[in-house]
>>> print(open('final38.pdb').read())   # PDB, C-alpha atoms and all ligand atoms
ATOM      1  CA  MET A   1      -1.874  -1.817 -23.586
ATOM      2  CA  GLU A   2      -2.858  -0.700 -20.131
ATOM      3  CA  LYS A   3      -1.833   2.726 -18.907
ATOM      4  CA  ASN A   4       1.374   3.196 -16.872
ATOM      5  CA  HIS A   5       0.959   4.619 -13.391
ATOM      6  CA  LYS A   6       3.365   7.085 -11.767
ATOM      7  CA  GLY A   7       2.671   9.269  -8.771
ATOM      8  CA  ILE A   8       2.752   9.827  -5.048
ATOM      9  CA  VAL A   9       0.720   8.819  -1.981
ATOM     10  CA  LEU A  10      -0.529  11.443   0.469
ATOM     11  CA  VAL A  11      -2.606  11.866   3.629
ATOM     12  CA  PRO A  12      -5.183  14.686   4.048
ATOM     13  CA  SER A  13      -2.877  17.002   6.057
ATOM     14  CA  ASP A  14      -0.371  17.016   3.162
ATOM     15  CA  PHE A  15      -2.802  19.332   1.365
ATOM     16  CA  ASP A  16      -2.334  22.024   4.060
ATOM     17  CA  GLY A  17      -0.848  25.008   2.257
ATOM     18  CA  ILE A  18      -0.362  23.279  -1.104
ATOM     19  CA  ASP A  19      -2.616  22.294  -4.005
ATOM     20  CA  TRP A  20      -1.215  18.860  -4.767
ATOM     21  CA  ILE A  21      -3.756  18.189  -7.523
ATOM     22  CA  GLU A  22      -2.497  21.155  -9.511
ATOM     23  CA  LYS A  23       1.147  20.370  -8.704
ATOM     24  CA  MET A  24       0.754  16.729  -9.731
ATOM     25  CA  ALA A  25      -0.978  17.636 -12.985
ATOM     26  CA  LYS A  26       1.827  20.111 -13.895
ATOM     27  CA  SER A  27       4.543  17.564 -13.099
ATOM     28  CA  GLY A  28       3.310  15.030 -15.646
ATOM     29  CA  LEU A  29       2.613  12.420 -12.967
ATOM     30  CA  ASN A  30      -0.786  10.767 -13.332
ATOM     31  CA  THR A  31      -1.732   8.818 -10.209
ATOM     32  CA  LEU A  32      -2.543  10.002  -6.696
ATOM     33  CA  GLY A  33      -2.690   7.426  -3.898
ATOM     34  CA  LEU A  34      -4.910   8.444  -0.981
ATOM     35  CA  HIS A  35      -3.785   7.201   2.419
ATOM     36  CA  SER A  36      -5.493   7.427   5.801
ATOM     37  CA  GLY A  37      -2.304   6.948   7.828
ATOM     38  CA  GLY A  38      -0.743   3.984   9.567
ATOM     39  CA  GLY A  39      -1.297   2.415  12.933
ATOM     40  CA  PRO A  40      -3.682  -0.334  13.924
ATOM     41  CA  GLY A  41      -7.340   0.079  14.501
ATOM     42  CA  HIS A  42      -8.191   3.439  12.975
ATOM     43  CA  ASP A  43     -11.443   4.497  11.333
ATOM     44  CA  VAL A  44     -10.348   4.763   7.691
ATOM     45  CA  LEU A  45     -13.351   6.733   6.436
ATOM     46  CA  GLU A  46     -13.083   9.305   9.216
ATOM     47  CA  ARG A  47      -9.325   9.754   8.736
ATOM     48  CA  LEU A  48      -9.615  10.153   4.955
ATOM     49  CA  GLN A  49     -11.604  13.368   5.601
ATOM     50  CA  PHE A  50     -12.174  15.214   2.281
ATOM     51  CA  MET A  51     -10.312  12.529   0.359
ATOM     52  CA  LYS A  52     -13.444  10.379   0.299
ATOM     53  CA  ASP A  53     -15.644  13.185  -1.062
ATOM     54  CA  GLY A  54     -17.075  13.165  -4.575
ATOM     55  CA  ASP A  55     -16.015  16.812  -5.135
ATOM     56  CA  PHE A  56     -12.394  15.972  -4.429
ATOM     57  CA  ARG A  57     -12.500  12.937  -6.716
ATOM     58  CA  HIS A  58     -14.131  15.030  -9.421
ATOM     59  CA  LYS A  59     -11.343  17.628  -9.185
ATOM     60  CA  MET A  60      -8.698  14.927  -9.631
ATOM     61  CA  THR A  61     -10.459  13.539 -12.680
ATOM     62  CA  GLN A  62     -10.847  17.024 -14.165
ATOM     63  CA  ASN A  63      -7.094  17.485 -13.805
ATOM     64  CA  GLY A  64      -6.397  14.224 -15.602
ATOM     65  CA  LEU A  65      -5.323  12.327 -12.492
ATOM     66  CA  ASP A  66      -6.137   8.756 -11.610
ATOM     67  CA  TYR A  67      -6.720   8.019  -7.942
ATOM     68  CA  GLU A  68      -6.840   5.029  -5.654
ATOM     69  CA  TYR A  69      -7.058   4.412  -1.884
ATOM     70  CA  GLU A  70      -4.119   2.802  -0.084
ATOM     71  CA  ILE A  71      -5.403   1.996   3.396
ATOM     72  CA  HIS A  72      -4.932  -0.166   6.503
ATOM     73  CA  THR A  73      -8.424  -1.614   6.757
ATOM     74  CA  SER A  74      -8.251  -4.319   9.462
ATOM     75  CA  HIS A  75     -10.898  -2.580  11.576
ATOM     76  CA  VAL A  76     -13.182  -1.820   8.631
ATOM     77  CA  LEU A  77     -13.094  -5.326   7.171
ATOM     78  CA  ILE A  78     -14.108  -6.883  10.479
ATOM     79  CA  ASP A  79     -15.910  -5.265  13.398
ATOM     80  CA  HIS A  80     -13.554  -5.762  16.343
ATOM     81  CA  ASP A  81     -16.464  -5.306  18.776
ATOM     82  CA  LEU A  82     -17.363  -8.883  17.770
ATOM     83  CA  PHE A  83     -14.338 -10.075  19.734
ATOM     84  CA  ALA A  84     -16.232 -10.653  22.998
ATOM     85  CA  ALA A  85     -18.912 -12.827  21.370
ATOM     86  CA  LYS A  86     -16.841 -14.430  18.583
ATOM     87  CA  PRO A  87     -13.166 -14.634  19.622
ATOM     88  CA  GLU A  88     -12.691 -17.487  17.118
ATOM     89  CA  TYR A  89     -13.082 -14.963  14.240
ATOM     90  CA  PHE A  90      -9.798 -13.355  15.311
ATOM     91  CA  PRO A  91      -6.164 -14.520  15.034
ATOM     92  CA  ALA A  92      -4.645 -16.927  17.573
ATOM     93  CA  PHE A  93      -1.269 -15.747  18.907
ATOM     94  CA  TYR A  94       1.442 -18.343  18.284
ATOM     95  CA  GLN A  95       2.987 -18.166  21.765
ATOM     96  CA  ASN A  96      -0.110 -19.114  23.752
ATOM     97  CA  GLN A  97      -2.999 -19.643  21.277
ATOM     98  CA  GLU A  98      -4.866 -16.753  22.896
ATOM     99  CA  ARG A  99      -6.982 -14.754  20.469
ATOM    100  CA  ILE A 100      -5.662 -11.286  19.518
ATOM    101  CA  PRO A 101      -8.311  -8.561  19.939
ATOM    102  CA  ASP A 102      -6.718  -5.918  17.684
ATOM    103  CA  GLY A 103      -5.130  -7.762  14.754
ATOM    104  CA  ASN A 104      -6.587  -9.167  11.509
ATOM    105  CA  TRP A 105      -8.780 -12.307  11.385
ATOM    106  CA  CYS A 106      -8.564 -16.108  11.256
ATOM    107  CA  VAL A 107      -8.476 -16.968   7.537
ATOM    108  CA  SER A 108      -9.669 -20.524   8.309
ATOM    109  CA  ASN A 109     -12.930 -19.289   9.827
ATOM    110  CA  PRO A 110     -15.529 -19.120   7.017
ATOM    111  CA  GLU A 111     -17.882 -16.807   8.929
ATOM    112  CA  ALA A 112     -15.071 -14.337   9.638
ATOM    113  CA  MET A 113     -13.966 -14.472   5.999
ATOM    114  CA  LYS A 114     -17.517 -13.828   4.782
ATOM    115  CA  LEU A 115     -17.669 -10.677   6.910
ATOM    116  CA  VAL A 116     -14.262  -9.538   5.623
ATOM    117  CA  VAL A 117     -15.299  -9.944   1.986
ATOM    118  CA  ASP A 118     -18.760  -8.373   2.494
ATOM    119  CA  ASN A 119     -17.124  -5.365   4.152
ATOM    120  CA  ALA A 120     -14.412  -5.118   1.486
ATOM    121  CA  VAL A 121     -17.023  -5.033  -1.288
ATOM    122  CA  SER A 122     -18.982  -2.360   0.516
ATOM    123  CA  LEU A 123     -15.815  -0.312   1.177
ATOM    124  CA  ALA A 124     -14.876  -0.535  -2.514
ATOM    125  CA  LYS A 125     -18.308   0.899  -3.355
ATOM    126  CA  LYS A 126     -17.674   3.846  -1.017
ATOM    127  CA  LEU A 127     -14.103   4.391  -2.239
ATOM    128  CA  PRO A 128     -14.072   3.733  -5.991
ATOM    129  CA  ALA A 129     -10.667   3.890  -7.730
ATOM    130  CA  THR A 130     -10.226   5.123 -11.320
ATOM    131  CA  THR A 131      -7.275   2.713 -11.564
ATOM    132  CA  HIS A 132      -9.685  -0.123 -10.580
ATOM    133  CA  ARG A 133      -7.085  -1.195  -8.012
ATOM    134  CA  TYR A 134      -8.168  -1.843  -4.425
ATOM    135  CA  PHE A 135      -5.521  -1.669  -1.701
ATOM    136  CA  PHE A 136      -7.145  -3.009   1.451
ATOM    137  CA  TRP A 137      -4.231  -3.763   3.767
ATOM    138  CA  GLY A 138      -4.284  -5.559   7.108
ATOM    139  CA  VAL A 139      -3.204  -4.168  10.460
ATOM    140  CA  ASP A 140      -0.028  -2.040  10.242
ATOM    141  CA  ARG A 141       2.432  -4.076  12.283
ATOM    142  CA  ALA A 142       4.620  -7.125  11.869
ATOM    143  CA  HIS A 143       3.635  -9.079  14.986
ATOM    144  CA  ARG A 144       0.335 -10.106  16.606
ATOM    145  CA  ASP A 145      -1.235  -9.647  13.179
ATOM    146  CA  TRP A 146      -2.080 -13.031  11.579
ATOM    147  CA  CYS A 147      -3.328 -16.362  12.918
ATOM    148  CA  HIS A 148      -1.552 -19.449  14.255
ATOM    149  CA  CYS A 149      -4.581 -21.545  15.229
ATOM    150  CA  PRO A 150      -4.380 -25.293  14.424
ATOM    151  CA  LYS A 151      -5.954 -24.693  10.978
ATOM    152  CA  CYS A 152      -3.780 -21.660  10.073
ATOM    153  CA  ALA A 153      -0.474 -22.764  11.615
ATOM    154  CA  HIS A 154       0.994 -23.987   8.289
ATOM    155  CA  LEU A 155       0.261 -20.635   6.582
ATOM    156  CA  ASN A 156       2.810 -17.810   6.784
ATOM    157  CA  SER A 157       1.731 -14.166   7.033
ATOM    158  CA  ALA A 158       1.934 -13.730   3.260
ATOM    159  CA  ASP A 159      -0.247 -16.832   2.684
ATOM    160  CA  GLN A 160      -2.877 -15.407   5.019
ATOM    161  CA  ALA A 161      -2.764 -11.967   3.385
ATOM    162  CA  LEU A 162      -3.062 -13.640  -0.041
ATOM    163  CA  ILE A 163      -5.958 -15.903   1.040
ATOM    164  CA  THR A 164      -7.764 -12.715   2.065
ATOM    165  CA  ALA A 165      -6.919 -10.893  -1.200
ATOM    166  CA  ASN A 166      -8.047 -13.926  -3.231
ATOM    167  CA  ALA A 167     -11.368 -14.086  -1.370
ATOM    168  CA  ILE A 168     -12.010 -10.361  -1.955
ATOM    169  CA  ALA A 169     -10.975 -10.717  -5.623
ATOM    170  CA  GLU A 170     -13.672 -13.386  -6.120
ATOM    171  CA  ARG A 171     -16.326 -10.759  -5.408
ATOM    172  CA  ILE A 172     -14.721  -7.365  -6.175
ATOM    173  CA  HIS A 173     -16.730  -7.245  -9.438
ATOM    174  CA  GLU A 174     -19.818  -6.552  -7.284
ATOM    175  CA  ALA A 175     -18.297  -3.104  -6.637
ATOM    176  CA  ASP A 176     -16.218  -2.603  -9.800
ATOM    177  CA  SER A 177     -16.536  -4.803 -12.891
ATOM    178  CA  MET A 178     -12.833  -4.155 -13.671
ATOM    179  CA  GLY A 179     -11.698  -4.355 -10.043
ATOM    180  CA  LYS A 180      -8.402  -5.921  -8.961
ATOM    181  CA  VAL A 181      -7.136  -6.513  -5.423
ATOM    182  CA  CYS A 182      -3.601  -6.084  -4.105
ATOM    183  CA  PHE A 183      -1.421  -8.507  -2.213
ATOM    184  CA  LEU A 184       0.830  -6.256  -0.131
ATOM    185  CA  ALA A 185       4.453  -7.377   0.244
ATOM    186  CA  TYR A 186       5.622  -5.336   3.241
ATOM    187  CA  HIS A 187       7.326  -6.166   6.557
ATOM    188  CA  ASN A 188       6.614  -9.853   7.264
ATOM    189  CA  THR A 189       4.753 -10.504   4.002
ATOM    190  CA  LEU A 190       7.820  -9.504   1.901
ATOM    191  CA  THR A 191       9.033 -13.090   1.827
ATOM    192  CA  GLY A 192       5.954 -14.031  -0.204
ATOM    193  CA  PRO A 193       3.387 -16.817   0.022
ATOM    194  CA  SER A 194       4.517 -20.405   0.514
ATOM    195  CA  GLN A 195       1.272 -22.372  -0.017
ATOM    196  CA  VAL A 196      -1.166 -20.141  -1.865
ATOM    197  CA  LYS A 197      -1.339 -18.948  -5.496
ATOM    198  CA  PRO A 198      -2.880 -15.611  -6.517
ATOM    199  CA  ASN A 199      -6.330 -15.305  -8.093
ATOM    200  CA  LYS A 200      -6.118 -13.800 -11.610
ATOM    201  CA  ASN A 201      -7.491 -10.509 -10.238
ATOM    202  CA  VAL A 202      -4.850 -10.210  -7.511
ATOM    203  CA  PHE A 203      -1.723  -8.161  -8.239
ATOM    204  CA  LEU A 204       1.505  -7.622  -6.307
ATOM    205  CA  GLU A 205       2.179  -4.422  -4.405
ATOM    206  CA  PHE A 206       5.823  -4.226  -3.298
ATOM    207  CA  ALA A 207       6.402  -1.726  -0.463
ATOM    208  CA  PRO A 208       9.981  -2.154   0.854
ATOM    209  CA  ILE A 209       9.678   0.086   3.920
ATOM    210  CA  ARG A 210      12.923  -1.188   5.509
ATOM    211  CA  ARG A 211      15.164  -0.925   2.427
ATOM    212  CA  CYS A 212      18.239   1.327   2.278
ATOM    213  CA  TYR A 213      18.202   4.629   0.355
ATOM    214  CA  TYR A 214      21.988   5.112   0.424
ATOM    215  CA  HIS A 215      22.235   2.382  -2.198
ATOM    216  CA  ALA A 216      20.297   1.382  -5.286
ATOM    217  CA  LEU A 217      17.973  -1.585  -4.799
ATOM    218  CA  ASN A 218      20.078  -3.730  -7.144
ATOM    219  CA  ASP A 219      23.404  -2.793  -5.492
ATOM    220  CA  ASP A 220      24.742  -6.151  -4.325
ATOM    221  CA  LYS A 221      27.207  -4.387  -2.016
ATOM    222  CA  CYS A 222      24.310  -3.315   0.217
ATOM    223  CA  ALA A 223      23.312  -6.202   2.495
ATOM    224  CA  ILE A 224      19.943  -4.632   3.295
ATOM    225  CA  ASN A 225      18.926  -4.122  -0.328
ATOM    226  CA  ARG A 226      20.351  -7.472  -1.408
ATOM    227  CA  SER A 227      17.741  -9.289   0.688
ATOM    228  CA  HIS A 228      14.987  -6.974  -0.598
ATOM    229  CA  LYS A 229      16.004  -7.567  -4.212
ATOM    230  CA  GLU A 230      16.029 -11.336  -3.666
ATOM    231  CA  ALA A 231      12.561 -11.186  -2.111
ATOM    232  CA  PHE A 232      11.275  -8.989  -4.940
ATOM    233  CA  GLU A 233      12.566 -11.229  -7.712
ATOM    234  CA  LYS A 234      11.080 -14.256  -5.956
ATOM    235  CA  LEU A 235       7.706 -12.462  -5.823
ATOM    236  CA  LEU A 236       7.889 -11.765  -9.561
ATOM    237  CA  LYS A 237       7.955 -15.512 -10.177
ATOM    238  CA  ILE A 238       4.524 -15.718  -8.508
ATOM    239  CA  PHE A 239       2.931 -12.434  -9.642
ATOM    240  CA  ASP A 240       2.708 -10.856 -13.121
ATOM    241  CA  PRO A 241       5.293  -8.002 -13.264
ATOM    242  CA  THR A 242       3.203  -6.027 -15.777
ATOM    243  CA  GLN A 243       0.346  -5.844 -13.241
ATOM    244  CA  ALA A 244       2.593  -5.283 -10.211
ATOM    245  CA  HIS A 245       2.774  -1.964  -8.408
ATOM    246  CA  ILE A 246       5.788  -0.528  -6.563
ATOM    247  CA  LEU A 247       4.998   1.623  -3.525
ATOM    248  CA  GLU A 248       8.252   3.249  -2.421
ATOM    249  CA  TYR A 249       9.313   5.866   0.151
ATOM    250  CA  TYR A 250      11.699   8.108  -1.843
ATOM    251  CA  MET A 251       9.673  11.253  -1.072
ATOM    252  CA  ASP A 252       8.418  10.244   2.366
ATOM    253  CA  SER A 253       9.371  12.747   5.029
ATOM    254  CA  SER A 254       7.345  10.794   7.611
ATOM    255  CA  LEU A 255       9.632   7.753   7.235
ATOM    256  CA  TYR A 256      12.453   9.798   8.793
ATOM    257  CA  ASP A 257      10.515  11.514  11.540
ATOM    258  CA  ARG A 258       6.984  10.685  12.598
ATOM    259  CA  ASN A 259       6.838  13.449  15.198
ATOM    260  CA  THR A 260       4.396  15.905  13.633
ATOM    261  CA  LEU A 261       5.232  18.479  16.327
ATOM    262  CA  LEU A 262       8.677  18.944  14.744
ATOM    263  CA  PRO A 263       9.242  20.506  11.310
ATOM    264  CA  PRO A 264       9.208  17.959   8.456
ATOM    265  CA  VAL A 265      12.651  16.657   7.444
ATOM    266  CA  LYS A 266      14.057  16.009   3.985
ATOM    267  CA  PRO A 267      14.061  12.364   2.928
ATOM    268  CA  THR A 268      17.310  10.678   1.835
ATOM    269  CA  PHE A 269      17.041  11.128  -1.926
ATOM    270  CA  TYR A 270      19.831  10.713  -4.448
ATOM    271  CA  PRO A 271      18.472  11.275  -7.969
ATOM    272  CA  GLU A 272      21.101   9.019  -9.587
ATOM    273  CA  LEU A 273      20.210   6.128  -7.242
ATOM    274  CA  PHE A 274      16.511   6.692  -7.835
ATOM    275  CA  GLU A 275      17.077   6.611 -11.586
ATOM    276  CA  GLU A 276      19.007   3.357 -11.210
ATOM    277  CA  ASP A 277      16.066   1.923  -9.232
ATOM    278  CA  VAL A 278      13.504   2.979 -11.828
ATOM    279  CA  ARG A 279      15.686   1.500 -14.552
ATOM    280  CA  TYR A 280      15.926  -1.750 -12.564
ATOM    281  CA  TYR A 281      12.208  -1.991 -11.786
ATOM    282  CA  THR A 282      11.096  -1.175 -15.340
ATOM    283  CA  SER A 283      13.678  -3.589 -16.812
ATOM    284  CA  LEU A 284      11.779  -6.363 -15.012
ATOM    285  CA  GLY A 285       8.475  -5.302 -16.586
ATOM    286  CA  ILE A 286       7.149  -2.927 -13.909
ATOM    287  CA  ARG A 287       4.751  -0.304 -15.314
ATOM    288  CA  SER A 288       3.461   1.257 -12.106
ATOM    289  CA  MET A 289       5.350   3.160  -9.395
ATOM    290  CA  THR A 290       4.363   5.585  -6.659
ATOM    291  CA  SER A 291       6.071   6.823  -3.508
ATOM    292  CA  PHE A 292       4.725   7.994  -0.205
ATOM    293  CA  ALA A 293       5.306  11.756   0.155
ATOM    294  CA  VAL A 294       3.736  12.142   3.580
ATOM    295  CA  ARG A 295       4.528  15.487   5.288
ATOM    296  CA  GLN A 296       5.455  17.175   2.008
ATOM    297  CA  ASP A 297       2.916  19.846   2.901
ATOM    298  CA  GLY A 298       3.048  23.652   2.730
ATOM    299  CA  GLU A 299       5.377  23.765   5.755
ATOM    300  CA  TYR A 300       7.757  21.324   4.057
ATOM    301  CA  MET A 301       7.772  23.350   0.828
ATOM    302  CA  ALA A 302       8.505  26.593   2.736
ATOM    303  CA  LEU A 303      11.466  24.901   4.483
ATOM    304  CA  HIS A 304      12.925  22.716   1.738
ATOM    305  CA  GLY A 305      11.285  23.618  -1.585
ATOM    306  CA  ASP A 306      10.184  21.124  -4.230
ATOM    307  CA  LYS A 307      13.468  20.416  -6.036
ATOM    308  CA  GLU A 308      13.432  16.731  -4.987
ATOM    309  CA  PHE A 309       9.817  16.295  -6.048
ATOM    310  CA  GLN A 310      10.545  17.856  -9.452
ATOM    311  CA  MET A 311      13.556  15.548  -9.970
ATOM    312  CA  TYR A 312      11.469  12.584  -8.863
ATOM    313  CA  ALA A 313       8.790  13.444 -11.425
ATOM    314  CA  GLU A 314      11.311  14.117 -14.193
ATOM    315  CA  ILE A 315      13.013  10.745 -13.712
ATOM    316  CA  LEU A 316       9.750   8.796 -13.523
ATOM    317  CA  ASN A 317       8.574  10.554 -16.695
ATOM    318  CA  LYS A 318      11.659   9.255 -18.537
ATOM    319  CA  PHE A 319      10.701   5.639 -17.895
ATOM    320  CA  LEU A 320       6.913   5.471 -17.444
TER     321      LEU A 320
HETATM  322 ZN    ZN B   1      -6.771 -19.409  12.219
HETATM  323 ZN    ZN B   2      22.715   0.253   1.906
END
>>> encode(input="final38.pdb", output="structure tokens", more="lines below")
Ligand SMILES: [Zn+2]
Ligand SMILES: [Zn+2]
Amino acid sequence: MEKNHKGIVLVPSDFDGIDWIEKMAKSGLNTLGLHSGGGPGHDVLERLQFMKDGDFRHKMTQNGLDYEYEIHTSHVLIDHDLFAAKPEYFPAFYQNQERIPDGNWCVSNPEAMKLVVDNAVSLAKKLPATTHRYFFWGVDRAHRDWCHCPKCAHLNSADQALITANAIAERIHEADSMGKVCFLAYHNTLTGPSQVKPNKNVFLEFAPIRRCYYHALNDDKCAINRSHKEAFEKLLKIFDPTQAHILEYYMDSSLYDRNTLLPPVKPTFYPELFEEDVRYYTSLGIRSMTSFAVRQDGEYMALHGDKEFQMYAEILNKFL
């Protein structure tokens, strides 16, 4: 049986004033997700800083931690400077059919798709994952992202994200013989694909960024979570639950306040609701869960301590 994964996802500045590798290893959690931040159009390799270095990866391995990169790669997978010469490689906006210079790509354009897959394979070689899971997400926004050209118009955002994941999965073995590629269900891909089926090496990643943390995910009295639960259970009819990964926000200070000039705030975290969620997810066959913990840095720990993190780890350790 494959190993269960449980952990958190961090950006480089979260290591300011705290040794997260040591803290993770002591907590019994086993998987560290490495994130370069959100926002469209950033240079992933530059923003990952030390997180892409061999020394850092070696230290994680020595401490018994698995690692993987969870990154918005739209501008790595296709060079947006090509826009002037090859606008047809880029998505057509549904309102006027004009090409979008800073979104993803047209999944019906074979030349664009070849570039995307070539670049994904080469990125996977630069950022190997001990979990063999590759999380190469599109642009981080829910509009002006995917294509509505005449060839793509029948495909929803999730179909287009899955077409891309399938194409990368066909060749991920060139970088990692055990490699698998994620389909990210998040924002406007949460509803799932309508026309496309996953390649056998594509797994579901469920990241319900707009869910409610005052209620458990399976609390039918919460209208917000009810629609998330319905979407999730629909996705599990398409994707294998035992391969699926949950990326949550229980520990994510940055979800509540993105202003890094202000002190980090405590996330909304009720241990009993979290435990109910973990029970729910694992009852459906889920074996892999992490949460963003962005801005849980040294400043956060000095202000709020690590009680929530310790409870988070303790509860995950009961189930996974
Ligand atoms: Zn298109
Ligand atoms: Zn609610």
>>> resolve_selection(input="final38.pdb", expression="the PyMOL selection byres (((chain A and resi 155-167) around 6) and not hetatm)", output="PyMOL selection string")
chain A and resi 152-154+168-170+183+189+192-193+196+199
>>> write_last_selection(input="final38.pdb", atoms="C-alpha atoms", output="short mmCIF file (atom, residue, chain, number, x, y, z; two decimals), keeping the file's coordinate frame")
data_model
loop_
_atom_site.label_atom_id
_atom_site.label_comp_id
_atom_site.auth_asym_id
_atom_site.auth_seq_id
_atom_site.Cartn_x
_atom_site.Cartn_y
_atom_site.Cartn_z
CA CYS A 152 -3.78 -21.66 10.07
CA ALA A 153 -0.47 -22.76 11.62
CA HIS A 154 0.99 -23.99 8.29
CA ILE A 168 -12.01 -10.36 -1.96
CA ALA A 169 -10.98 -10.72 -5.62
CA GLU A 170 -13.67 -13.39 -6.12
CA PHE A 183 -1.42 -8.51 -2.21
CA THR A 189 4.75 -10.50 4.00
CA GLY A 192 5.95 -14.03 -0.20
CA PRO A 193 3.39 -16.82 0.02
CA VAL A 196 -1.17 -20.14 -1.86
CA ASN A 199 -6.33 -15.30 -8.09
#
>>> residues_near_ligand(input="final38.pdb", ligand="ligand ZN 1 (chain B)", cutoff="12 Å", atoms="only C-alpha atoms and all ligand atoms", output="JSON, numbers by chain")
{"A": [87, 88, 89, 90, 91, 92, 93, 94, 97, 98, 99, 100, 104, 105, 106, 107, 108, 109, 110, 111, 112, 113, 145, 146, 147, 148, 149, 150, 151, 152, 153, 154, 155, 156, 157, 159, 160, 163]}
>>> closest_residue(input="final38.pdb", among="A:Ser13, A:Thr268, A:Gln95, A:Thr61", to="ligand ZN 2 (chain B)", atoms="all atoms listed in the file")
A:Thr268
>>> residues_around(input="final38.pdb", residues="segment 72-79 of chain A", least_positions_apart="2", cutoff="8 Å", atoms="all atoms listed in the file", output="list of chain:residue names")
A:Ser36, A:Gly37, A:Gly38, A:Gly39, A:Pro40, A:Gly41, A:His42, A:Asp43, A:Val44, A:Glu70, A:Asp81, A:Leu82, A:Gly103, A:Asn104, A:Trp105, A:Ala112, A:Leu115, A:Val116, A:Val117, A:Asp118, A:Asn119, A:Ala120, A:Phe136, A:Trp137, A:Gly138, A:Val139, A:Asp140
>>> write_last_selection(input="final38.pdb", atoms="C-alpha atoms", output="PDB file, in the frame of the given file")
ATOM      1  CA  SER A  36      -5.493   7.427   5.801  1.00  0.00           C
ATOM      2  CA  GLY A  37      -2.304   6.948   7.828  1.00  0.00           C
ATOM      3  CA  GLY A  38      -0.743   3.984   9.567  1.00  0.00           C
ATOM      4  CA  GLY A  39      -1.297   2.415  12.933  1.00  0.00           C
ATOM      5  CA  PRO A  40      -3.682  -0.334  13.924  1.00  0.00           C
ATOM      6  CA  GLY A  41      -7.340   0.079  14.501  1.00  0.00           C
ATOM      7  CA  HIS A  42      -8.191   3.439  12.975  1.00  0.00           C
ATOM      8  CA  ASP A  43     -11.443   4.497  11.333  1.00  0.00           C
ATOM      9  CA  VAL A  44     -10.348   4.763   7.691  1.00  0.00           C
ATOM     10  CA  GLU A  70      -4.119   2.802  -0.084  1.00  0.00           C
ATOM     11  CA  ASP A  81     -16.464  -5.306  18.776  1.00  0.00           C
ATOM     12  CA  LEU A  82     -17.363  -8.883  17.770  1.00  0.00           C
ATOM     13  CA  GLY A 103      -5.130  -7.762  14.754  1.00  0.00           C
ATOM     14  CA  ASN A 104      -6.587  -9.167  11.509  1.00  0.00           C
ATOM     15  CA  TRP A 105      -8.780 -12.307  11.385  1.00  0.00           C
ATOM     16  CA  ALA A 112     -15.071 -14.337   9.638  1.00  0.00           C
ATOM     17  CA  LEU A 115     -17.669 -10.677   6.910  1.00  0.00           C
ATOM     18  CA  VAL A 116     -14.262  -9.538   5.623  1.00  0.00           C
ATOM     19  CA  VAL A 117     -15.299  -9.944   1.986  1.00  0.00           C
ATOM     20  CA  ASP A 118     -18.760  -8.373   2.494  1.00  0.00           C
ATOM     21  CA  ASN A 119     -17.124  -5.365   4.152  1.00  0.00           C
ATOM     22  CA  ALA A 120     -14.412  -5.118   1.486  1.00  0.00           C
ATOM     23  CA  PHE A 136      -7.145  -3.009   1.451  1.00  0.00           C
ATOM     24  CA  TRP A 137      -4.231  -3.763   3.767  1.00  0.00           C
ATOM     25  CA  GLY A 138      -4.284  -5.559   7.108  1.00  0.00           C
ATOM     26  CA  VAL A 139      -3.204  -4.168  10.460  1.00  0.00           C
ATOM     27  CA  ASP A 140      -0.028  -2.040  10.242  1.00  0.00           C
TER      28      ASP A 140
END
>>> closest_residue(input="final38.pdb", among="A:Arg210, A:Glu276, A:Asp306, A:Ala231", to="ligand ZN 2 (chain B)", atoms="only C-alpha atoms and all ligand atoms")
A:Arg210
>>> resolve_selection(input="final38.pdb", expression="the PyMOL selection byres (((chain A and resi 299) around 12) and not hetatm)", output="ChimeraX atom specification")
/A:13-18,253,260-266,294-298,300-306
>>> residues_near_ligand(input="final38.pdb", ligand="ligand ZN 2 (chain B)", cutoff="10 Å", atoms="all atoms listed in the file", output="MDAnalysis selection string")
chainID A and resid 211:217 219:226
>>> residues_around(input="final38.pdb", residues="Pro208 of chain A", least_positions_apart="3", cutoff="12 Å", atoms="only C-alpha atoms", output="PyMOL selection string")
chain A and resi 184-191+205+211-213+217+224-232+245-250+255+291-292
>>> resolve_selection(input="final38.pdb", expression="the PyMOL selection byres (((chain A and resi 286) around 7) and not hetatm)", output="list in words")
Pro241, Thr242, Ala244, Tyr281, Thr282, Leu284, Gly285, Arg287 and Ser288 of chain A
>>> build_atoms(input="final38.pdb", residues="segment 286-291 of chain A", atoms="N, CA and C atoms", output="PDB file, in the frame of the given file")
ATOM      1  N   ILE A 286       8.018  -3.773 -14.745  1.00  0.00           N
ATOM      2  CA  ILE A 286       7.149  -2.927 -13.909  1.00  0.00           C
ATOM      3  C   ILE A 286       6.664  -1.720 -14.701  1.00  0.00           C
ATOM      4  N   ARG A 287       5.348  -1.445 -14.612  1.00  0.00           N
ATOM      5  CA  ARG A 287       4.751  -0.304 -15.314  1.00  0.00           C
ATOM      6  C   ARG A 287       4.035   0.650 -14.355  1.00  0.00           C
ATOM      7  N   SER A 288       4.227   0.471 -13.072  1.00  0.00           N
ATOM      8  CA  SER A 288       3.461   1.257 -12.106  1.00  0.00           C
ATOM      9  C   SER A 288       4.299   1.521 -10.857  1.00  0.00           C
ATOM     10  N   MET A 289       4.550   2.798 -10.572  1.00  0.00           N
ATOM     11  CA  MET A 289       5.350   3.160  -9.395  1.00  0.00           C
ATOM     12  C   MET A 289       4.802   4.419  -8.742  1.00  0.00           C
ATOM     13  N   THR A 290       4.644   4.365  -7.422  1.00  0.00           N
ATOM     14  CA  THR A 290       4.363   5.585  -6.659  1.00  0.00           C
ATOM     15  C   THR A 290       5.280   5.586  -5.442  1.00  0.00           C
ATOM     16  N   SER A 291       5.309   6.727  -4.758  1.00  0.00           N
ATOM     17  CA  SER A 291       6.071   6.823  -3.508  1.00  0.00           C
ATOM     18  C   SER A 291       5.221   7.577  -2.498  1.00  0.00           C
TER      19      SER A 291
END
